[in-house]
2 protein chains.
Amino acid sequence: MTPARPATLREVAEAAGVSPSTVSLVVNKKKDARISAETRRRVRDAIRDLGYRPNALAKTLVSGSSRFIGLVADAIATTPFAGQIIHGAQDEAWKHGYALLIANTEGNSDLEKDAITMMLEHKVRGILYSTWFHRVTEIPEALREADFVLVNCFAAEDGVRAVVPDEAQGGREATELLIRAGHRRIAFINATIPAPAKDGRLAGYRAALDDGGLAFDPALVLEAYPDQEGGYDAVPALLALGATAVYCYNDRMAAGLYDGLRERGVSVPGDLSVVGFDNQEVIAAHVRPPLSTVALPHDELGAAGIRLLLGLDSPEESIVKVECPPVERASVAATDAAFTTPPDAAR
Amino acid sequence: MTPARPATLREVAEAAGVSPSTVSLVVNKKKDARISAETRRRVRDAIRDLGYRPNALAKTLVSGSSRFIGLVADAIATTPFAGQIIHGAQDEAWKHGYALLIANTEGNSDLEKDAITMMLEHKVRGILYSTWFHRVTEIPEALREADFVLVNCFAAEDGVRAVVPDEAQGGREATELLIRAGHRRIAFINATIPAPAKDGRLAGYRAALDDGGLAFDPALVLEAYPDQEGGYDAVPALLALGATAVYCYNDRMAAGLYDGLRERGVSVPGDLSVVGFDNQEVIAAHVRPPLSTVALPHDELGAAGIRLLLGLDSPEESIVKVECPPVERASVAATDAAFTTPPDAAR
DNA sequence: CTGAAAGCGCTAACAC
DNA sequence: GTGTTAGCGCTTTCAG
């Protein structure tokens with residue numbers, strides 16, 4: 001039985017017949033402490049017998065620095081994304097001996113302020129401020145009192161540390177998946193909603209086209225609401241373009257596109273190759289055929305945020321961009337055009 | 001500028017020319033403390049000038065009880081579910097003045113032990129031990145040292161507090177959605193994987209059939225792997241049954257079923273009504289047509305866990321079942337049979 | 001090799 | 001009304 005009030009270090013000392021400081025030394029395995037094997041044993045026994053647990057709070061009080069890192073999120077459950085950020089942050093924090101204190105604010109700034117206050121009062125080492133979709137953000141005043149880094153968002157002002165996904169590089173990889181398969185007429189269905197992702201993913205598309213020696217044709221860029229319904233509705237316009245491949249703003253859009261395509265007897269990837277963006281597991285890995293896409297590295301965003309906070313990474317820029325790796329599945333097929341210009345015969 | 005070392009209560013006292021206890025009294029707004037308006041003002045000013053933040057850790061040390069609740073999860077990012085549990089728990093904990101300390105264990109029992117140890121050392125008020133899918137679980141030894149409640153899982157032994165979804169009630173509601181629409185030949189595609197959900201959802205199906213005066217026909221229950229591929233593959237067998245409606249073990253299965261149905265020209269809900277289970281937003285709300293289903297109340301599971309831990313709820317049974325509410329969308333249509341026995345003409 | 005003493009920031013009696 | 005004192009559980013010089 002564990003006693004109601006947990007045993008203290010002092011009690012262990014008494015039980016072992018030594019002083020508190022001796023117990024402290026053996027508990028913390030101080031290298032330079034010379035404790036006789038005999039004493040050490042007696043202390044260990046007492047610890048076991050009493051079921052002693054060090055009090056991390058008291059430890060913090062004397063050492064002055066706590067082992068907490070706060071994570072404030074604007075929407076923990078709305079998407080799987082926030083979960084991944086928490087996951088990445090938690091693992092990395094843990095690795096360095098820190099525990100994560102989390103708060104969900106639903107974007108409510110009062111809650112946000114309270115959450116940050118709570119963290120400050122618990123003397124967190126620092127705070128990760130995260131958003132579920134990549135965007136610019138205001139910095140709550142209270143946050144400035146802490147050592148903080150922005151995750152999946154960034155500030156308008158300069159010099160504020162942040163970690164965000166590299167949308168342009170991702171868009172480029174997505175497009176390249178298609179170009180490498182020989183496609184030359186590649187449509188892009190962008191989002192209707194303004195966001196860093198909208199601009200970045202388009203920029204990446206253009207960059208890949210450029211590199212591939214393909215002209216950018218504005219007519220090939222459509223816009224749709226970034227979900228299944230948007231993708232579904234975009235089908236007629238897309239089909240009118242005569243493209244052999246399409247790169248969608250996100251996986252949800254691609255999933256809706258699949259439905260519309262199937263209804264019209266257009267097969268993927270036989271008649272049309274498709275790539276998405278986000279790598280939203282539940283969707284991308286399980287539609288028919290499995291969707292090739294580019295991953296939004298939320299875990300890594302969280303982990304990088306922690307490293308930045310702890311000063312383990314010291315990048316040149318205050319805003320660090322994390323790569324979005326392509327994940328190839330089965331929605332891209334080679335087109336004949338590929339055989340028109342085989343690598344070796346090029347020129 | 002915030003000083004490197006935050007101001008302490010003692011410094012505030014000196015700055016205000018009062019004693020520490022006076023400051024303590026005004027900070028904590030003690031009702032029965034008689035502090036002159038003048039003193040109160042001086043203290044407040046000093047607090048503001050020094051940017052004073054109470055140290056919650058020191059407070060905890062003296063009061064003996066911390067304001068932390070630990071949440072250990074076996075898979076934060078694998079599914080959206082864990083995120084919802086965290087969300088529900090966090091909100092409820094917050095409401096009662098507690099902060100959530102979270103740990104992700106990936107089911108690794110060493111990590112699990114470390115996580116629990118860390119929480120114990122931080123003197124958490126209690127621990128919520130959660131799993132991402134509903135199942136029986138072992139209780140890690142260390143956990144017994146804390147006040148704990150199981151969330152989305154339960155122990156084999158008696159008397160251990162736990163909160164789980166009411167699978168049978170959910171299965172019953174799902175089936176009733178179909179029965180109420182007049183269906184009389186209702187197939188059920190269960191999971192191939194043993195789990196409380198498998199048994200519960202089947203039991204609910206049978207109960208609903210019973211209540212509806214329909215005979216249970218074992219031939220109408222199929223089994224498939226509980227994901228999109230499983231649902232897709234089950235289509236031929238399902239179609240051979242001649243059912244007018246089908247209840248799927250989960251939404252992912254239903255989504256795969258949609259694909260297979262569409263390929264064969266079977267329309268939902270025109271030719272076949274479909275209901276799922278889980279209410280996995282990204283899928284259920286956005287397939288075509290939107291899927292009627294039954295929600296797995298993960299948020300509520302987390303919240304109920306907190307209330308149980310805090311002793312705010314005191315149920316009769318140690319295992320509390322949380323209701324799975326039906327969410328109707330557009331995948332169920334009335335069948336002619338409904339008009340054969342209109343409610344009023346019944347008997 | 002080990003113990004005594006001071007103090008981390010705060011609260012709670014109890015004085016005055 | 002407000003100050004004094006004594007710890008909460010622990011670490012850390014500094015003696016011995």
# chains A, B, ... in the order shown; residues from 1 in each chain; ligands from 1
$ interface_residues --of "chain A" --to "chain D" --cutoff "8 Å" --atoms "only C-alpha atoms (C1' of nucleotides)" --output "list of chain:residue names"
A:Thr8, A:Leu9, A:Ser21, A:Ser24, A:Asn55, A:Ala58, A:Lys59, A:Val62, A:Ser63
$ select_by_dssp --residues "stretch 239-322 of chain B" --states "alpha helix (DSSP H)" --output "MDAnalysis selection string"
chainID B and resid 239 251:263 281:284 298:309
$ write_last_selection --atoms "C-alpha atoms" --output "compact mmCIF listing (two decimals), in the first residue's frame"
# COMPACT_ATOMS: atom_id res chain seq x y z
CA LEU B 239 -24.90 -7.68 -53.53
CA ASP B 251 -17.11 4.52 -41.92
CA ARG B 252 -13.95 3.52 -43.67
CA MET B 253 -15.54 0.26 -44.69
CA ALA B 254 -18.58 2.14 -45.92
CA ALA B 255 -16.37 4.43 -48.00
CA GLY B 256 -14.77 1.45 -49.72
CA LEU B 257 -18.19 -0.02 -50.22
CA TYR B 258 -19.28 3.19 -51.94
CA ASP B 259 -16.47 2.79 -54.46
CA GLY B 260 -17.37 -0.78 -55.28
CA LEU B 261 -21.04 0.04 -55.50
CA ARG B 262 -20.40 2.93 -57.83
CA GLU B 263 -18.36 0.75 -60.14
CA GLU B 281 -15.54 13.44 -40.16
CA VAL B 282 -13.05 13.61 -43.02
CA ILE B 283 -14.72 10.59 -44.51
CA ALA B 284 -18.33 10.40 -43.47
CA HIS B 298 -14.23 10.47 -28.07
CA ASP B 299 -14.39 14.02 -26.78
CA GLU B 300 -16.98 12.98 -24.28
CA LEU B 301 -14.91 9.95 -23.30
CA GLY B 302 -12.05 12.26 -22.37
CA ALA B 303 -14.31 14.67 -20.55
CA ALA B 304 -16.11 11.92 -18.65
CA GLY B 305 -12.74 10.47 -17.70
CA ILE B 306 -11.79 13.75 -16.06
CA ARG B 307 -15.07 14.03 -14.22
CA LEU B 308 -14.74 10.50 -12.94
CA LEU B 309 -11.21 11.14 -11.80
$ interface_residues --of "chain C" --to "chain B" --cutoff "8 Å" --atoms "only C-alpha atoms (C1' of nucleotides)" --output "PDB file with all heavy atoms, in the first residue's frame"
ATOM      1  P    DG C   9      13.214  32.504  -5.935  1.00  0.00           P
ATOM      2  OP1  DG C   9      13.420  32.864  -7.346  1.00  0.00           O
ATOM      3  OP2  DG C   9      13.767  33.350  -4.857  1.00  0.00           O
ATOM      4  O5'  DG C   9      11.658  32.332  -5.671  1.00  0.00           O
ATOM      5  C5'  DG C   9      10.880  31.549  -6.560  1.00  0.00           C
ATOM      6  C4'  DG C   9       9.502  31.370  -5.962  1.00  0.00           C
ATOM      7  O4'  DG C   9       9.607  30.585  -4.761  1.00  0.00           O
ATOM      8  C3'  DG C   9       8.827  32.681  -5.550  1.00  0.00           C
ATOM      9  O3'  DG C   9       7.517  32.677  -6.105  1.00  0.00           O
ATOM     10  C2'  DG C   9       8.822  32.644  -4.028  1.00  0.00           C
ATOM     11  C1'  DG C   9       8.807  31.150  -3.750  1.00  0.00           C
ATOM     12  N9   DG C   9       9.425  30.788  -2.480  1.00  0.00           N
ATOM     13  C8   DG C   9      10.490  31.401  -1.860  1.00  0.00           C
ATOM     14  N7   DG C   9      10.830  30.837  -0.728  1.00  0.00           N
ATOM     15  C5   DG C   9       9.934  29.788  -0.585  1.00  0.00           C
ATOM     16  C6   DG C   9       9.810  28.824   0.442  1.00  0.00           C
ATOM     17  O6   DG C   9      10.497  28.702   1.471  1.00  0.00           O
ATOM     18  N1   DG C   9       8.775  27.928   0.202  1.00  0.00           N
ATOM     19  C2   DG C   9       7.947  27.972  -0.901  1.00  0.00           C
ATOM     20  N2   DG C   9       7.004  27.041  -0.968  1.00  0.00           N
ATOM     21  N3   DG C   9       8.059  28.863  -1.873  1.00  0.00           N
ATOM     22  C4   DG C   9       9.062  29.740  -1.652  1.00  0.00           C
ATOM     23  P    DC C  10       6.421  33.744  -5.662  1.00  0.00           P
ATOM     24  OP1  DC C  10       5.477  33.886  -6.769  1.00  0.00           O
ATOM     25  OP2  DC C  10       7.057  34.942  -5.079  1.00  0.00           O
ATOM     26  O5'  DC C  10       5.659  32.963  -4.510  1.00  0.00           O
ATOM     27  C5'  DC C  10       4.894  31.828  -4.888  1.00  0.00           C
ATOM     28  C4'  DC C  10       4.393  31.102  -3.671  1.00  0.00           C
ATOM     29  O4'  DC C  10       5.493  30.895  -2.778  1.00  0.00           O
ATOM     30  C3'  DC C  10       3.353  31.861  -2.855  1.00  0.00           C
ATOM     31  O3'  DC C  10       2.069  31.309  -3.159  1.00  0.00           O
ATOM     32  C2'  DC C  10       3.706  31.584  -1.409  1.00  0.00           C
ATOM     33  C1'  DC C  10       4.965  30.750  -1.471  1.00  0.00           C
ATOM     34  N1   DC C  10       6.014  31.210  -0.523  1.00  0.00           N
ATOM     35  C2   DC C  10       6.170  30.512   0.674  1.00  0.00           C
ATOM     36  O2   DC C  10       5.432  29.559   0.927  1.00  0.00           O
ATOM     37  N3   DC C  10       7.145  30.913   1.536  1.00  0.00           N
ATOM     38  C4   DC C  10       7.931  31.942   1.234  1.00  0.00           C
ATOM     39  N4   DC C  10       8.888  32.289   2.103  1.00  0.00           N
ATOM     40  C5   DC C  10       7.779  32.675   0.023  1.00  0.00           C
ATOM     41  C6   DC C  10       6.809  32.276  -0.821  1.00  0.00           C
ATOM     42  P    DT C  11       0.797  32.056  -2.497  1.00  0.00           P
ATOM     43  OP1  DT C  11      -0.339  31.687  -3.351  1.00  0.00           O
ATOM     44  OP2  DT C  11       1.109  33.469  -2.199  1.00  0.00           O
ATOM     45  O5'  DT C  11       0.633  31.287  -1.117  1.00  0.00           O
ATOM     46  C5'  DT C  11       0.344  29.893  -1.163  1.00  0.00           C
ATOM     47  C4'  DT C  11       0.219  29.362   0.235  1.00  0.00           C
ATOM     48  O4'  DT C  11       1.425  29.625   0.990  1.00  0.00           O
ATOM     49  C3'  DT C  11      -0.931  29.940   1.053  1.00  0.00           C
ATOM     50  O3'  DT C  11      -1.518  28.819   1.710  1.00  0.00           O
ATOM     51  C2'  DT C  11      -0.256  30.890   2.048  1.00  0.00           C
ATOM     52  C1'  DT C  11       1.087  30.187   2.246  1.00  0.00           C
ATOM     53  N1   DT C  11       2.262  31.034   2.613  1.00  0.00           N
ATOM     54  C2   DT C  11       3.018  30.652   3.684  1.00  0.00           C
ATOM     55  O2   DT C  11       2.767  29.688   4.376  1.00  0.00           O
ATOM     56  N3   DT C  11       4.121  31.461   3.930  1.00  0.00           N
ATOM     57  C4   DT C  11       4.513  32.567   3.210  1.00  0.00           C
ATOM     58  O4   DT C  11       5.523  33.189   3.526  1.00  0.00           O
ATOM     59  C5   DT C  11       3.666  32.910   2.100  1.00  0.00           C
ATOM     60  C7   DT C  11       4.011  34.087   1.261  1.00  0.00           C
ATOM     61  C6   DT C  11       2.589  32.142   1.853  1.00  0.00           C
TER      62       DT C  11
END
$ closest_residue --among "A:Glu173, A:Asp166, A:Asp147, A:Asp217" --to "A:Pro196" --atoms "only C-alpha atoms"
A:Asp166
$ atom_distance --atom1 "atom CA of A:Cys153" --atom2 "atom CA of A:Tyr225"
21.3 Å
$ interface_residues --of "chain B" --to "chain A" --cutoff "9 Å" --atoms "only C-alpha atoms" --output "ChimeraX atom specification"
/B:1-2,53-58,60-61,66,75-88,90-91,94,99-105,115,117-123,145,227-229,252,255-256,259,262-263,281-283,286-288,299
$ atom_distance --atom1 "atom CA of A:Gly126" --atom2 "atom CA of A:Val151"
12.9 Å
$ atom_distance --atom1 "atom CA of A:Ile35" --atom2 "atom CA of A:Asp49"
20.1 Å
$ residues_around --residues "stretch 325-334 of chain B" --least-positions-apart "3" --cutoff "9 Å" --atoms "only C-alpha atoms (C1' of nucleotides)" --output "mmCIF file with N, CA and C atoms, in the first residue's frame"
data_model
loop_
_atom_site.group_PDB
_atom_site.id
_atom_site.type_symbol
_atom_site.label_atom_id
_atom_site.label_comp_id
_atom_site.auth_asym_id
_atom_site.auth_seq_id
_atom_site.Cartn_x
_atom_site.Cartn_y
_atom_site.Cartn_z
ATOM 1 N N GLN B 169 -25.396 0.042 -27.919
ATOM 2 C CA GLN B 169 -26.405 1.074 -28.142
ATOM 3 C C GLN B 169 -26.169 1.728 -29.505
ATOM 4 N N GLY B 170 -24.902 1.944 -29.844
ATOM 5 C CA GLY B 170 -24.575 2.545 -31.134
ATOM 6 C C GLY B 170 -25.031 1.651 -32.283
ATOM 7 N N GLU B 173 -28.715 1.885 -32.695
ATOM 8 C CA GLU B 173 -29.154 3.130 -33.338
ATOM 9 C C GLU B 173 -28.900 3.080 -34.839
ATOM 10 N N ALA B 174 -27.733 2.549 -35.201
ATOM 11 C CA ALA B 174 -27.381 2.477 -36.619
ATOM 12 C C ALA B 174 -28.427 1.640 -37.347
ATOM 13 N N LEU B 177 -31.820 3.281 -37.726
ATOM 14 C CA LEU B 177 -31.874 4.288 -38.785
ATOM 15 C C LEU B 177 -32.452 3.627 -40.037
ATOM 16 N N LEU B 178 -32.034 2.401 -40.249
ATOM 17 C CA LEU B 178 -32.440 1.650 -41.431
ATOM 18 C C LEU B 178 -33.860 1.097 -41.281
ATOM 19 N N ARG B 180 -36.235 2.217 -39.384
ATOM 20 C CA ARG B 180 -37.217 3.300 -39.437
ATOM 21 C C ARG B 180 -37.501 3.756 -40.867
ATOM 22 N N ALA B 181 -36.532 3.547 -41.750
ATOM 23 C CA ALA B 181 -36.740 3.941 -43.147
ATOM 24 C C ALA B 181 -37.507 2.845 -43.891
ATOM 25 N N GLY B 182 -37.872 1.819 -43.158
ATOM 26 C CA GLY B 182 -38.695 0.786 -43.764
ATOM 27 C C GLY B 182 -37.975 -0.454 -44.260
ATOM 28 N N HIS B 183 -36.667 -0.477 -44.066
ATOM 29 C CA HIS B 183 -35.918 -1.644 -44.551
ATOM 30 C C HIS B 183 -36.199 -2.870 -43.697
ATOM 31 N N ALA B 245 -30.538 -2.655 -47.598
ATOM 32 C CA ALA B 245 -29.778 -1.739 -46.757
ATOM 33 C C ALA B 245 -28.629 -2.485 -46.105
ATOM 34 N N VAL B 268 -26.409 4.779 -54.172
ATOM 35 C CA VAL B 268 -26.683 4.959 -52.745
ATOM 36 C C VAL B 268 -27.311 6.335 -52.602
ATOM 37 N N PRO B 269 -28.426 6.480 -51.962
ATOM 38 C CA PRO B 269 -29.204 5.423 -51.303
ATOM 39 C C PRO B 269 -30.311 4.837 -52.178
ATOM 40 N N GLY B 270 -30.383 5.280 -53.432
ATOM 41 C CA GLY B 270 -31.452 4.805 -54.310
ATOM 42 C C GLY B 270 -31.638 3.295 -54.311
ATOM 43 N N ASP B 271 -30.561 2.602 -54.642
ATOM 44 C CA ASP B 271 -30.660 1.147 -54.708
ATOM 45 C C ASP B 271 -30.339 0.479 -53.376
ATOM 46 N N LEU B 272 -29.516 1.127 -52.632
ATOM 47 C CA LEU B 272 -29.080 0.534 -51.369
ATOM 48 C C LEU B 272 -28.827 1.630 -50.331
ATOM 49 N N SER B 273 -29.385 1.450 -49.153
ATOM 50 C CA SER B 273 -29.121 2.415 -48.085
ATOM 51 C C SER B 273 -27.921 1.929 -47.295
ATOM 52 N N VAL B 274 -27.108 2.868 -46.830
ATOM 53 C CA VAL B 274 -25.888 2.496 -46.121
ATOM 54 C C VAL B 274 -25.747 3.308 -44.837
ATOM 55 N N VAL B 275 -25.361 2.655 -43.761
ATOM 56 C CA VAL B 275 -24.964 3.431 -42.579
ATOM 57 C C VAL B 275 -23.614 2.910 -42.115
ATOM 58 N N PHE B 277 -20.288 3.668 -38.981
ATOM 59 C CA PHE B 277 -20.105 3.752 -37.542
ATOM 60 C C PHE B 277 -18.769 4.455 -37.337
ATOM 61 N N ASN B 279 -18.374 7.940 -37.254
ATOM 62 C CA ASN B 279 -18.459 9.348 -37.637
ATOM 63 C C ASN B 279 -17.078 9.953 -37.768
ATOM 64 N N ALA B 284 -16.879 10.468 -43.486
ATOM 65 C CA ALA B 284 -18.331 10.400 -43.472
ATOM 66 C C ALA B 284 -19.034 11.647 -44.001
ATOM 67 N N ALA B 285 -18.538 12.810 -43.625
ATOM 68 C CA ALA B 285 -19.230 14.021 -44.029
ATOM 69 C C ALA B 285 -18.996 14.378 -45.480
ATOM 70 N N ARG B 288 -19.882 10.759 -51.196
ATOM 71 C CA ARG B 288 -21.097 11.091 -51.935
ATOM 72 C C ARG B 288 -22.006 9.886 -51.978
ATOM 73 N N PRO B 289 -23.164 9.861 -51.468
ATOM 74 C CA PRO B 289 -23.736 10.931 -50.647
ATOM 75 C C PRO B 289 -23.152 10.874 -49.241
ATOM 76 N N PRO B 290 -23.216 11.993 -48.521
ATOM 77 C CA PRO B 290 -22.721 12.025 -47.143
ATOM 78 C C PRO B 290 -23.306 10.851 -46.352
ATOM 79 N N LEU B 291 -22.464 10.240 -45.581
ATOM 80 C CA LEU B 291 -22.816 9.001 -44.888
ATOM 81 C C LEU B 291 -23.519 9.169 -43.540
ATOM 82 N N SER B 292 -24.648 8.526 -43.412
ATOM 83 C CA SER B 292 -25.322 8.501 -42.108
ATOM 84 C C SER B 292 -24.553 7.506 -41.255
ATOM 85 N N THR B 293 -24.343 7.864 -40.009
ATOM 86 C CA THR B 293 -23.511 7.003 -39.182
ATOM 87 C C THR B 293 -23.834 7.222 -37.716
ATOM 88 N N VAL B 294 -23.006 6.685 -36.876
ATOM 89 C CA VAL B 294 -23.199 6.792 -35.448
ATOM 90 C C VAL B 294 -21.852 7.275 -34.912
ATOM 91 N N ALA B 295 -21.860 8.258 -34.042
ATOM 92 C CA ALA B 295 -20.595 8.850 -33.618
ATOM 93 C C ALA B 295 -19.939 8.148 -32.441
ATOM 94 N N LEU B 296 -18.660 7.964 -32.546
ATOM 95 C CA LEU B 296 -17.878 7.478 -31.427
ATOM 96 C C LEU B 296 -17.536 8.746 -30.647
ATOM 97 N N PRO B 297 -18.008 8.860 -29.421
ATOM 98 C CA PRO B 297 -17.928 10.122 -28.681
ATOM 99 C C PRO B 297 -16.600 10.311 -27.958
ATOM 100 N N ALA B 337 -41.216 -0.687 -48.418
ATOM 101 C CA ALA B 337 -41.673 -1.443 -47.256
ATOM 102 C C ALA B 337 -42.171 -0.509 -46.158
ATOM 103 N N ALA B 338 -41.578 0.673 -46.121
ATOM 104 C CA ALA B 338 -41.970 1.625 -45.092
ATOM 105 C C ALA B 338 -43.435 1.980 -45.211
ATOM 106 N N PHE B 339 -43.866 2.019 -46.441
ATOM 107 C CA PHE B 339 -45.243 2.418 -46.639
ATOM 108 C C PHE B 339 -46.214 1.251 -46.435
#
$ closest_residue --among "A:Glu38, A:Glu141, A:Asp199, A:Asp313" --to "C:DC1" --atoms "only C-alpha atoms (C1' of nucleotides)"
A:Glu38
$ residues_around --residues "B:Asp158" --least-positions-apart "5" --cutoff "12 Å" --atoms "only C-alpha atoms (C1' of nucleotides)" --output "PyMOL selection string"
chain B and resi 317-319
